[in-house]
Structures are given as structure tokens and as C-alpha cells.
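Novice: This is query_10.cif, which holds mmCIF, C-alpha atoms:
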data_start
loop_
_atom_site.label_atom_id
_atom_site.label_comp_id
_atom_site.auth_asym_id
_atom_site.auth_seq_id
_atom_site.Cartn_x
_atom_site.Cartn_y
_atom_site.Cartn_z
CA MET A 1 14.08 -15.76 -40.23
CA SER A 2 14.58 -18.24 -37.42
CA ARG A 3 12.55 -17.89 -34.23
CA PRO A 4 13.15 -19.37 -30.78
CA ALA A 5 11.07 -22.38 -29.89
CA THR A 6 8.26 -21.91 -27.37
CA ASP A 7 7.29 -24.07 -24.41
CA SER A 8 4.87 -23.91 -21.48
CA ALA A 9 7.33 -21.96 -19.33
CA ALA A 10 8.22 -19.44 -22.03
CA PRO A 11 7.24 -15.77 -21.79
CA PRO A 12 3.73 -15.28 -23.20
CA LEU A 13 4.86 -13.30 -26.26
CA GLN A 14 7.86 -15.44 -27.13
CA GLY A 15 7.84 -16.17 -30.84
CA LEU A 16 6.20 -12.85 -31.66
CA ARG A 17 8.30 -10.71 -33.99
CA VAL A 18 7.94 -6.91 -33.70
CA LEU A 19 9.66 -4.32 -35.89
CA ASP A 20 9.94 -0.98 -34.08
CA LEU A 21 10.30 1.84 -36.61
CA ALA A 22 9.04 4.54 -34.25
CA THR A 23 10.71 7.37 -32.29
CA LEU A 24 9.79 9.70 -29.41
CA PHE A 25 7.99 8.11 -27.42
CA ALA A 26 4.61 6.39 -27.63
CA GLY A 27 5.48 3.87 -30.34
CA PRO A 28 8.85 2.80 -28.89
CA LEU A 29 7.34 2.51 -25.41
CA ALA A 30 4.56 0.26 -26.73
CA ALA A 31 7.17 -1.93 -28.44
CA MET A 32 9.17 -2.05 -25.19
CA MET A 33 6.10 -3.32 -23.35
CA LEU A 34 5.73 -6.14 -25.88
CA GLY A 35 9.43 -6.95 -25.54
CA ASP A 36 9.14 -7.11 -21.76
CA PHE A 37 6.92 -10.17 -22.13
CA GLY A 38 9.08 -12.02 -24.60
CA ALA A 39 8.45 -10.56 -28.05
CA ASP A 40 11.52 -10.40 -30.28
CA VAL A 41 11.60 -6.65 -30.88
CA VAL A 42 13.94 -5.40 -33.60
CA LYS A 43 14.50 -1.67 -33.32
CA ILE A 44 15.18 -0.09 -36.71
CA GLU A 45 17.00 3.25 -36.67
CA HIS A 46 18.37 5.45 -39.42
CA PRO A 47 22.09 4.72 -39.99
CA ARG A 48 23.08 8.35 -39.52
CA LYS A 49 20.22 9.66 -37.37
CA PRO A 50 19.75 7.48 -34.28
CA ASP A 51 16.53 7.55 -32.27
CA PRO A 52 16.47 11.01 -30.63
CA SER A 53 15.70 9.42 -27.25
CA ARG A 54 19.36 8.39 -27.12
CA GLY A 55 20.15 12.06 -26.60
CA HIS A 56 17.17 13.10 -24.47
CA GLY A 57 17.69 13.96 -20.83
CA PRO A 58 20.74 13.34 -18.65
CA ALA A 59 23.64 11.14 -19.75
CA LYS A 60 26.42 9.41 -17.84
CA ASP A 61 29.87 9.10 -19.41
CA GLY A 62 28.26 10.09 -22.71
CA VAL A 63 25.67 7.30 -22.50
CA GLY A 64 22.03 8.47 -22.71
CA LEU A 65 20.11 7.06 -19.77
CA TRP A 66 16.55 7.34 -21.11
CA TRP A 67 17.45 5.02 -23.98
CA LYS A 68 18.55 2.35 -21.51
CA VAL A 69 14.90 2.02 -20.47
CA LEU A 70 13.15 2.72 -23.78
CA GLY A 71 15.48 0.44 -25.73
CA ARG A 72 15.45 -2.48 -23.33
CA ASN A 73 14.65 -5.95 -24.67
CA LYS A 74 15.19 -4.72 -28.24
CA ARG A 75 17.77 -5.75 -30.79
CA THR A 76 19.02 -2.70 -32.67
CA ILE A 77 19.71 -2.47 -36.39
CA THR A 78 20.15 0.40 -38.83
CA LEU A 79 18.20 0.79 -42.06
CA ASP A 80 17.53 3.78 -44.29
CA LEU A 81 14.01 3.07 -45.50
CA SER A 82 14.17 5.76 -48.17
CA THR A 83 16.86 3.84 -50.11
CA HIS A 84 16.25 1.02 -52.55
CA GLY A 85 18.18 -1.44 -50.41
CA GLY A 86 16.50 -0.26 -47.21
CA ARG A 87 13.04 -0.65 -48.70
CA GLY A 88 13.76 -4.15 -49.98
CA THR A 89 15.28 -5.23 -46.68
CA LEU A 90 12.31 -3.97 -44.69
CA LEU A 91 9.92 -5.87 -46.94
CA ARG A 92 11.95 -9.02 -46.31
CA LEU A 93 11.81 -8.37 -42.57
CA ALA A 94 8.08 -7.63 -42.74
CA ALA A 95 7.39 -10.93 -44.49
CA ASP A 96 8.33 -12.75 -41.29
CA ALA A 97 7.07 -10.19 -38.75
CA ASP A 98 3.89 -10.15 -36.74
CA VAL A 99 3.81 -6.46 -35.88
CA ILE A 100 5.29 -3.21 -37.19
CA VAL A 101 5.10 -0.09 -35.01
CA GLU A 102 5.70 3.20 -36.82
CA ASN A 103 5.06 6.88 -36.18
CA PHE A 104 5.97 8.64 -39.40
CA ARG A 105 3.63 11.36 -40.62
CA PRO A 106 0.79 9.90 -42.71
CA GLY A 107 1.92 9.26 -46.26
CA THR A 108 5.61 8.85 -45.47
CA LEU A 109 5.70 5.05 -45.69
CA GLU A 110 3.55 5.24 -48.82
CA ARG A 111 6.03 7.63 -50.41
CA TRP A 112 8.77 5.06 -49.84
CA GLY A 113 6.66 2.25 -51.30
CA LEU A 114 6.18 0.74 -47.84
CA GLY A 115 2.50 1.48 -47.21
CA TRP A 116 -0.12 -1.00 -46.07
CA GLU A 117 -0.72 -2.20 -49.62
CA GLU A 118 2.91 -3.28 -50.05
CA LEU A 119 3.36 -4.58 -46.49
CA SER A 120 0.15 -6.63 -46.47
CA THR A 121 1.03 -8.07 -49.87
CA VAL A 122 4.24 -9.61 -48.52
CA ASN A 123 2.53 -10.58 -45.23
CA PRO A 124 -1.29 -10.69 -45.05
CA LYS A 125 -1.08 -11.55 -41.33
CA LEU A 126 0.88 -8.44 -40.41
CA VAL A 127 -0.45 -5.96 -37.82
CA LEU A 128 0.69 -2.42 -38.65
CA ALA A 129 0.41 -0.04 -35.68
CA ARG A 130 0.49 3.56 -36.87
CA VAL A 131 0.98 6.01 -34.01
CA THR A 132 0.63 9.69 -34.88
CA GLY A 133 -0.43 12.87 -33.18
CA PHE A 134 -3.75 13.23 -34.99
CA GLY A 135 -4.45 9.95 -36.80
CA GLN A 136 -4.25 8.91 -40.43
CA PHE A 137 -7.01 11.19 -41.75
CA GLY A 138 -8.80 14.43 -40.95
CA PRO A 139 -7.83 18.10 -41.28
CA TYR A 140 -4.91 17.88 -38.81
CA SER A 141 -3.51 14.52 -39.88
CA HIS A 142 -0.44 15.93 -41.62
CA ARG A 143 0.55 18.24 -38.79
CA PRO A 144 3.54 17.29 -36.63
CA GLY A 145 2.14 15.85 -33.43
CA PHE A 146 3.62 15.39 -29.96
CA GLY A 147 2.24 14.40 -26.60
CA THR A 148 2.25 17.99 -25.38
CA LEU A 149 -0.29 18.90 -28.05
CA ALA A 150 -2.51 16.03 -26.93
CA GLU A 151 -2.28 17.16 -23.31
CA ALA A 152 -3.44 20.59 -24.45
CA MET A 153 -6.13 19.57 -26.94
CA SER A 154 -7.72 16.80 -24.86
CA GLY A 155 -8.85 19.23 -22.17
CA PHE A 156 -6.35 17.86 -19.67
CA ALA A 157 -4.29 21.04 -19.36
CA SER A 158 -7.38 23.22 -19.06
CA ILE A 159 -8.48 21.46 -15.85
CA THR A 160 -4.97 21.11 -14.38
CA GLY A 161 -3.52 23.82 -12.17
CA GLU A 162 -4.72 26.33 -9.60
CA PRO A 163 -8.01 28.18 -10.22
CA ASP A 164 -6.25 31.53 -10.70
CA GLY A 165 -3.25 30.07 -12.51
CA PRO A 166 -2.54 29.11 -16.12
CA PRO A 167 -3.38 25.73 -17.67
CA THR A 168 -0.67 23.31 -16.59
CA LEU A 169 1.17 20.69 -18.64
CA PRO A 170 2.69 17.62 -16.97
CA PRO A 171 6.52 17.67 -16.66
CA PHE A 172 6.81 14.25 -18.32
CA GLY A 173 5.39 12.40 -21.32
CA LEU A 174 1.91 11.68 -19.98
CA ALA A 175 0.04 11.57 -23.29
CA ASP A 176 2.77 9.51 -24.95
CA SER A 177 2.75 7.01 -22.09
CA ILE A 178 -1.03 6.62 -22.16
CA ALA A 179 -0.92 6.25 -25.95
CA ALA A 180 1.76 3.58 -25.56
CA LEU A 181 -0.45 1.57 -23.22
CA ALA A 182 -3.35 1.96 -25.64
CA THR A 183 -1.15 0.92 -28.57
CA ALA A 184 0.08 -2.23 -26.83
CA TYR A 185 -3.54 -3.08 -26.01
CA ALA A 186 -4.61 -2.39 -29.60
CA VAL A 187 -1.83 -4.57 -31.00
CA MET A 188 -2.78 -7.49 -28.77
CA THR A 189 -6.44 -7.01 -29.73
CA ALA A 190 -5.54 -7.12 -33.43
CA LEU A 191 -3.39 -10.20 -32.91
CA THR A 192 -6.26 -11.93 -31.12
CA ALA A 193 -8.58 -11.07 -34.00
CA ARG A 194 -6.02 -12.58 -36.36
CA THR A 195 -6.43 -15.97 -34.70
CA THR A 196 -10.02 -16.11 -36.00
CA THR A 197 -9.81 -14.12 -39.24
CA GLY A 198 -6.35 -15.21 -40.33
CA ARG A 199 -5.65 -11.64 -41.41
CA GLY A 200 -3.71 -8.75 -40.01
CA GLN A 201 -4.93 -5.16 -39.98
CA VAL A 202 -3.96 -1.53 -39.41
CA VAL A 203 -4.07 0.04 -35.96
CA ASP A 204 -4.66 3.79 -36.29
CA MET A 205 -3.62 5.32 -32.96
CA ALA A 206 -4.02 9.10 -32.61
CA ILE A 207 -2.22 10.34 -29.50
CA ILE A 208 -4.94 12.97 -28.95
CA GLU A 209 -7.57 10.25 -28.32
CA PRO A 210 -6.39 8.08 -25.38
CA MET A 211 -6.08 11.22 -23.24
CA LEU A 212 -9.82 11.74 -23.67
CA SER A 213 -10.41 8.28 -22.20
CA VAL A 214 -8.63 9.16 -18.97
CA ILE A 215 -10.35 12.48 -18.26
CA GLY A 216 -13.56 10.60 -17.48
CA PRO A 217 -17.12 11.79 -18.16
CA HIS A 218 -16.30 15.37 -19.22
CA PRO A 219 -17.70 14.98 -22.77
CA LEU A 220 -20.93 13.54 -21.38
CA TRP A 221 -21.21 16.24 -18.74
CA TYR A 222 -20.91 18.90 -21.41
CA ASP A 223 -23.25 17.10 -23.80
CA GLN A 224 -26.02 16.70 -21.27
CA LEU A 225 -25.51 19.64 -18.93
CA GLY A 226 -23.29 22.14 -20.73
CA TYR A 227 -20.91 21.76 -17.80
CA VAL A 228 -17.25 22.71 -18.29
CA GLN A 229 -15.01 21.80 -15.37
CA PRO A 230 -12.78 24.65 -14.18
CA ARG A 231 -9.33 24.31 -12.72
CA THR A 232 -9.56 23.33 -9.05
CA GLY A 233 -5.93 22.75 -8.08
CA ASN A 234 -5.63 19.61 -5.95
CA ARG A 235 -9.32 19.65 -5.09
CA SER A 236 -11.94 17.51 -6.75
CA ARG A 237 -15.40 18.54 -7.90
CA ASN A 238 -16.59 15.04 -6.99
CA ASN A 239 -15.59 14.65 -3.35
CA ALA A 240 -13.86 16.28 -0.39
CA PRO A 241 -11.63 16.40 1.53
CA ARG A 242 -9.19 15.66 -1.26
CA ASN A 243 -5.99 17.65 -1.24
CA THR A 244 -2.35 17.77 -0.24
CA TYR A 245 -1.58 18.98 3.25
CA ARG A 246 1.64 20.11 4.91
CA THR A 247 2.79 18.34 8.07
CA ALA A 248 4.46 19.77 11.16
CA ASP A 249 7.91 18.67 9.93
CA GLY A 250 7.53 20.32 6.53
CA SER A 251 6.57 17.24 4.54
CA TRP A 252 3.45 16.80 2.43
CA VAL A 253 0.75 14.13 2.44
CA ALA A 254 -2.20 13.47 0.14
CA VAL A 255 -5.65 12.53 1.43
CA SER A 256 -8.50 11.01 -0.57
CA THR A 257 -12.07 10.39 0.57
CA SER A 258 -13.79 9.05 -2.53
CA ALA A 259 -15.77 6.60 -0.37
CA GLN A 260 -18.30 7.96 2.10
CA SER A 261 -17.10 5.65 4.86
CA ILE A 262 -13.53 6.94 4.46
CA ALA A 263 -14.71 10.56 4.66
CA GLU A 264 -16.49 9.79 7.93
CA ARG A 265 -13.42 8.07 9.39
CA VAL A 266 -11.27 11.08 8.54
CA MET A 267 -13.64 13.49 10.27
CA ARG A 268 -13.65 11.38 13.41
CA LEU A 269 -9.86 11.12 13.31
CA VAL A 270 -9.31 14.87 13.05
CA GLY A 271 -11.79 15.60 15.85
CA ARG A 272 -14.64 17.02 13.76
CA PRO A 273 -17.33 14.29 13.95
CA GLU A 274 -20.11 16.89 14.03
CA LEU A 275 -19.51 17.59 10.34
CA ILE A 276 -20.71 14.08 9.49
CA ASP A 277 -24.22 15.08 10.58
CA GLU A 278 -24.39 18.00 8.18
CA PRO A 279 -26.92 17.30 5.35
CA TRP A 280 -24.33 18.24 2.71
CA PHE A 281 -21.85 15.65 4.02
CA ALA A 282 -23.98 12.74 2.77
CA ASP A 283 -22.44 12.57 -0.72
CA GLY A 284 -19.27 13.50 -2.57
CA THR A 285 -20.79 16.42 -4.47
CA GLY A 286 -22.09 17.98 -1.28
CA ARG A 287 -18.76 17.58 0.44
CA ALA A 288 -16.95 19.09 -2.55
CA ALA A 289 -19.16 22.18 -2.28
CA HIS A 290 -17.90 22.63 1.29
CA ALA A 291 -14.24 21.87 0.60
CA ASP A 292 -13.07 24.99 2.46
CA VAL A 293 -14.56 23.74 5.72
CA LEU A 294 -13.25 20.21 5.27
CA ASP A 295 -9.78 21.31 4.15
CA GLU A 296 -9.46 23.51 7.20
CA ALA A 297 -10.48 20.64 9.49
CA VAL A 298 -8.08 18.14 7.95
CA GLY A 299 -5.27 20.59 7.19
CA SER A 300 -5.13 22.06 10.68
CA TRP A 301 -4.97 18.60 12.25
CA ILE A 302 -2.23 17.40 9.91
CA ALA A 303 -0.27 20.63 10.47
CA ARG A 304 0.04 19.70 14.15
CA HIS A 305 1.55 16.27 13.40
CA THR A 306 4.70 15.02 11.72
CA ARG A 307 4.41 13.02 8.54
CA ASP A 308 5.06 9.73 10.34
CA GLU A 309 2.49 10.57 13.01
CA ALA A 310 -0.14 11.46 10.43
CA LEU A 311 0.50 8.35 8.37
CA ALA A 312 0.32 6.11 11.44
CA ALA A 313 -2.89 7.69 12.69
CA PHE A 314 -4.62 7.46 9.31
CA GLU A 315 -3.52 3.85 8.90
CA LYS A 316 -4.87 2.96 12.34
CA ALA A 317 -8.17 4.65 11.48
CA GLU A 318 -8.26 2.80 8.11
CA ALA A 319 -8.40 6.11 6.26
CA ALA A 320 -6.68 6.80 2.94
CA ILE A 321 -3.47 8.79 3.02
CA ALA A 322 -0.11 8.72 1.23
CA PRO A 323 3.13 10.64 1.53
CA VAL A 324 3.96 12.93 -1.39
CA TYR A 325 7.15 11.34 -2.70
CA ASP A 326 9.93 12.56 -4.89
CA ILE A 327 11.99 9.97 -6.75
CA ARG A 328 14.37 9.56 -3.81
CA ASP A 329 11.48 8.30 -1.69
CA VAL A 330 10.25 6.00 -4.45
CA MET A 331 13.67 4.33 -4.64
CA THR A 332 13.63 3.42 -0.91
CA ASP A 333 9.94 2.79 -0.19
CA PRO A 334 9.40 -0.69 1.35
CA GLN A 335 6.24 -1.40 -0.68
CA TYR A 336 7.99 -0.67 -3.96
CA ARG A 337 10.90 -2.78 -2.75
CA ALA A 338 8.61 -5.68 -1.92
CA LEU A 339 7.08 -5.50 -5.39
CA ASP A 340 10.52 -5.01 -7.02
CA THR A 341 8.96 -2.09 -8.87
CA ILE A 342 12.38 -0.49 -9.31
CA THR A 343 14.69 -3.35 -10.20
CA GLU A 344 18.42 -3.66 -10.74
CA VAL A 345 19.70 -4.92 -14.07
CA PRO A 346 23.23 -5.28 -15.46
CA ASP A 347 24.34 -2.97 -18.24
CA PRO A 348 27.52 -3.56 -20.29
CA GLU A 349 28.34 0.14 -20.43
CA LEU A 350 27.33 1.37 -16.99
CA GLY A 351 27.36 -1.69 -14.74
CA PRO A 352 24.38 -2.34 -12.42
CA ILE A 353 21.58 0.17 -13.03
CA ARG A 354 18.10 0.54 -11.60
CA MET A 355 14.95 1.19 -13.63
CA GLN A 356 11.23 0.49 -13.64
CA ASN A 357 10.42 -3.20 -13.81
CA VAL A 358 7.92 -4.75 -16.24
CA LEU A 359 4.45 -3.28 -16.02
CA PHE A 360 2.66 -6.12 -14.23
CA ARG A 361 3.25 -9.53 -12.70
CA LEU A 362 2.00 -12.81 -14.19
CA SER A 363 2.03 -15.84 -11.91
CA GLU A 364 2.82 -18.42 -14.60
CA THR A 365 4.55 -16.60 -17.47
CA PRO A 366 6.18 -13.46 -16.09
CA GLY A 367 7.94 -10.84 -18.12
CA ALA A 368 11.55 -9.81 -17.57
CA ILE A 369 14.16 -7.24 -18.51
CA ARG A 370 16.54 -9.42 -20.49
CA TRP A 371 18.88 -6.57 -21.43
CA THR A 372 19.01 -2.78 -21.42
CA GLY A 373 19.06 -0.44 -24.40
CA ARG A 374 21.83 -1.51 -26.77
CA PRO A 375 24.22 0.62 -28.84
CA HIS A 376 23.09 2.05 -32.17
CA GLY A 377 23.03 -0.71 -34.80
CA ALA A 378 24.59 -3.30 -32.50
CA ASP A 379 22.62 -6.22 -33.98
CA THR A 380 22.48 -5.23 -37.65
CA ALA A 381 24.77 -7.96 -38.92
CA GLN A 382 23.13 -10.68 -36.83
CA VAL A 383 19.54 -9.79 -37.78
CA LEU A 384 20.35 -9.48 -41.48
CA ALA A 385 22.22 -12.79 -41.40
CA GLU A 386 19.16 -14.42 -39.82
CA LEU A 387 17.19 -12.98 -42.72
CA GLY A 388 19.43 -14.94 -45.07
CA LEU A 389 21.63 -12.13 -46.36
CA THR A 390 25.20 -13.09 -47.15
CA PRO A 391 28.17 -11.01 -45.94
CA ALA A 392 28.54 -9.71 -49.48
CA GLU A 393 24.91 -8.58 -49.58
CA ILE A 394 25.24 -6.88 -46.19
CA GLY A 395 28.40 -5.19 -47.46
CA ALA A 396 26.55 -3.96 -50.53
CA LEU A 397 23.85 -2.45 -48.31
CA ARG A 398 26.51 -0.69 -46.28
CA GLY A 399 28.08 0.62 -49.45
CA GLU A 400 24.72 2.02 -50.56
CA GLY A 401 24.23 3.68 -47.16
CA ALA A 402 21.11 1.60 -46.60
CA VAL A 403 22.44 0.25 -43.27
#
Starting from the file, lay out its structure as C-alpha cells.
Specialist:
Amino acid sequence: MSRPATDSAAPPLQGLRVLDLATLFAGPLAAMMLGDFGADVVKIEHPRKPDPSRGHGPAKDGVGLWWKVLGRNKRTITLDLSTHGGRGTLLRLAADADVIVENFRPGTLERWGLGWEELSTVNPKLVLARVTGFGQFGPYSHRPGFGTLAEAMSGFASITGEPDGPPTLPPFGLADSIAALATAYAVMTALTARTTTGRGQVVDMAIIEPMLSVIGPHPLWYDQLGYVQPRTGNRSRNNAPRNTYRTADGSWVAVSTSAQSIAERVMRLVGRPELIDEPWFADGTGRAAHADVLDEAVGSWIARHTRDEALAAFEKAEAAIAPVYDIRDVMTDPQYRALDTITEVPDPELGPIRMQNVLFRLSETPGAIRWTGRPHGADTAQVLAELGLTPAEIGALRGEGAV
């Protein structure tokens, strides 16, 4: 299959071929991140069962909006991998690919004759990223797995929420998103290893594991101290004051004092400098043990000021504060605007639309949103023609129901 030529000004992943076989949501999001920096991502969907993300969440004029983000920078083709023609076509695609991302239950690809043995035979340099709820082995490996289960099983939900309330799940795909970041990192690590070994390998990404990386030292605390962190609401067991506080005009702000110097500045600002001299104020753990006193000091001061007044005063005092935004605020915030964090892109179906920009900025080889999520199977004929299939062969695949 032909590939675009690369040059010094090209995106850093240009020339990398990625086959995205995954659905909902970690695998496709990881593939999107690779596409954002120039990889040629070919999204493979079932001919009669499109990626469910096309129907998730709100739609406009019958067009699913989530897909416009998740499917960006991907060419879309259809292929039924369980058919003879679908299997053969995927093997031909894999022979020229660098990466395959899949999230079928363990054993599914093997049942279709598309396991690592077959894929690595046609392409020893291939990196196969396998994203599942519980990994490729172990007693839970064949269970259906979703991000919600990872949020529950990692300990995240047990420490989230108010002390007298139930464990709380996030209202968005937190575990999937973290797993996507980890998968993109793992793929790039495997590709870097390939430059020295000359061989590809399998990435086994269990969605339950990256969540454990972001909860910090909890396993070590339990191992060494038997300590199990309870739910503390917006408070932290590591420092105080740290909470959300309501302003005089009914808005909310968040305050953090992870650094000792910041905590001291806040106390001076709110008119309680005497608390700095308390022995317990000298470290984060001591302050956390007296969070009631500190929250009252900070909260009562903020309650007497509007949000703008509080923000201005904290900024002048070089103390850490932020407004609690909803998405309307995010869309108009001047810092996000300066960074172009929410960027406008053209869409053939909806016209100009705004979405999150690429994940980070590179000074020499930046990423870009080249196009938004495309219609189901829009590029099937083009991609298969690039593979060398004749119109008659593509027609035969259609007749078989393979595409």
C-alpha cells in the first residue's frame, strides 16, 4: 500500500500506518491520538454494525457528535473479520501496517484466525495493541470489561464522594481516557523498541491497571501501614485548605494549598495570619487534620466576596485559586482561547464545529485535526484500491458481505 512521503516539516508520525479495530472508547481514542500527529489511521468497522460511538450521546440532524471527535483523522472502511474475505483482507492490510489497535475479548481474533501468530507471520514488525477490561490472561480475562468497572475496581470510586455518601463514579469515561493515554504511550514505546530489535510485539493493556497509576501511593500506604483512605469529599488527607467554596454572587471557586508557602499566603489574605504560627500548620498532614478550622477561615472570607473579587485578590497574593467552570465557561475562557484548546474545524455535514484540539503542542512538528469523523465506510473503496484490489475483487467482497 502506498504511503505519503515524509520530510523535515512533516508531522512526526507521518508514514505510520495504524489499523483501528477497536470500539468504545479507550482503543479508538488512542488511535485518534496517533492520528492527530500524522499517523495514517484506518478505522475498520463492521459493515452492518458501525462503531457504537456513532450513536452515543447527543446528535444533530441525525449526525452523532461524539464520533466527530473520536473518528477524526481516521479513514473509515468496513470489513467483517469473521468472513473468509474479511480475514484475508485484514491480513493483507496488516502486512503493510505498523500498528493494530483492537479491543475484542481475548480469544476472539484467534477464533477468526487473526491472532498474534497469524498477524506476526505476515508482518514480524507489527505492534498489536490489545485493549481489554482485564487483560489477556487471569481469572477475569474473559469477562466483558468497561471503564466503569475499572473506576470501581481500582479503588477510585471508593475514595470519591462525600464521607457519608455512596462511592461515586465519574460522569464521563475517565478510565477509558486514561487507558487511551497509556495505550498511545505503550504503542510508541513498542515502536521505539522496534528500531533496535527489528521486531514488533504485543501490547497487553488492561483498563483496570492505568487507573491504579493515577490514584498515587495508596497500595504502598496499605502495604506498609494498613492505611485505607476514606472518602473525604473535596478535602485532601495530604493538605488543607483544599476545597470548593461558594462566593457572594453564588459562584464556586476551588482553592489548593499543596505548597506550604501558598498555604501561608492564603491565611494572610483571608485575615487569619495567627494560624500560621500553630505547630500543626507546619506541614500538609497537620493542616489536613485541622481542615475544619482552615475551611471556615477561607470559606467565610470567600463568601463575603464575588467570584471576580476573590480571583483578583488571590492572584494579587500569588495564591492558587480557580473558578469552577461548566463547559460554557471553558468555551469562552481567555487562557483556553490563547492556547486554542477548543478549536474550530470544518465538517462536511455540520459546517464549522468546535472540539478539543490535539493533546499537546510541538514547536517543530505540531499535530493537527485534518478532518472530523467521516461517514461509515466512506473510504472503503479507496483503501482497498491502495491495497491493490481490483474493482472486481472489491465487488466480490461486497457480494460476500465482507465489506
Novice: Convert the output of the PyMOL selection byres ((chain A and resi 46-52) around 8) on the shown file into explicit residues, formatted as a list in words.
Specialist: Thr23, Leu24, Ile44, Glu45, Ser53, Arg54, Gly55, His56, Thr78, Leu79, Asp80, Leu81, His376, Gly377, Gly401, Ala402 and Val403 of chain A
Novice: Give me the residues within 12 Å of Asp277 of chain A as a VMD selection string, counting only C-alpha atoms and dropping any in the same chain fewer than 4 places off.
Specialist: chain A and resid 264 267 to 268 272 to 273 281 to 283 287
Novice: When distances are computed from all atoms listed in the file, which of A:His305, A:Lys125, A:Ile369, A:Pro170 shows the smallest separation from Thr197 of chain A?
Specialist: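 Of all the options, A:Lys125 lies closest to Thr197 of chain A.
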Novice: Excluding segment 157-161 of chain A and any residue of its chain fewer than 3 positions from it, enumerate the residues within 7 Å of it, using only C-alpha atoms, and give them as a PyMOL selection string.
Specialist: chain A and resi 151-152+165-169+229-233
Novice: Report as lines of an AutoDock Vina configuration file the centre and the edge lengths, in Å to one decimal, of the axis-aligned box holding every listed atom of segment 190-209 of chain A, padded by 6 Å on each side.
Specialist:
center_x = -6.1
center_y = -1.6
center_z = -34.9
size_x = 19.8
size_y = 41.1
size_z = 25.1
Novice: Assuming the chain letters and numbering stay as they are in my file, what does the PyMOL selection byres ((chain A and resi 204) around 12) actually select? List them as a PyMOL selection string.
Specialist: chain A and resi 27+101-103+106+116+127-137+141+179+182-183+186-187+190+201-203+205-210
Novice: Could you check the closest approach to Asp176 of chain A for each of A:Pro124, A:Gly145, A:Leu114, A:Leu269 and tell me which residue wins, using all atoms listed in the file?
Specialist: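 Looking only at the distances to Asp176 of chain A, the closest residue turns out to be A:Gly145.
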Novice: Could you pull the residues within 8 Å of Gly284 of chain A, counting only C-alpha atoms, minus those fewer than 2 positions along the same chain, as a VMD selection string?
Specialist: chain A and resid 238 to 240 258 260 281 to 282 286 to 288
Novice: Calculate how many Å separate atom CA of Phe37 of chain A from atom CA of Ile100 of chain A, rounding to one decimal.
Specialist: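 So the answer is 16.7 Å.
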Novice: Could you list, with a cut-off of 12 Å and counting only C-alpha atoms, the residues of segment 367-395 of chain A near segment 341-354 of chain A, each shown with its nearest atom pair and the distance in Å rounded to one decimal, rows sorted by chain and ascending number, as a Markdown table?
Specialist:
| residue | atom | partner | partner_atom | distance |
| --- | --- | --- | --- | --- |
| A:Ala368 | CA | A:Val345 | CA | 10.1 |
| A:Ile369 | CA | A:Val345 | CA | 7.5 |
| A:Arg370 | CA | A:Val345 | CA | 8.5 |
| A:Trp371 | CA | A:Asp347 | CA | 7.3 |
| A:Thr372 | CA | A:Asp347 | CA | 6.2 |
| A:Gly373 | CA | A:Asp347 | CA | 8.5 |
| A:Arg374 | CA | A:Pro348 | CA | 8.9 |
| A:Pro375 | CA | A:Glu349 | CA | 9.4 |
Novice: Mind giving me the straight-line distance from atom CA of Thr365 of chain A to atom CA of Arg199 of chain A in Å, one decimal?
Specialist: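 Separating atom CA of Thr365 of chain A from atom CA of Arg199 of chain A is a distance of 26.5 Å.
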Novice: Could you expand the PyMOL selection byres ((chain A and resi 245) around 7) into the explicit residues it covers here, written as number ranges by chain?
Specialist: A: 243-244, 246-247, 252-254, 299, 302
Novice: So, with only C-alpha atoms as the atoms that count, which of A:Glu110, A:Ser236, A:Asp61, A:Glu315 lies closest to His290 of chain A?
Specialist: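 Of all the options, A:Ser236 lies closest to His290 of chain A.
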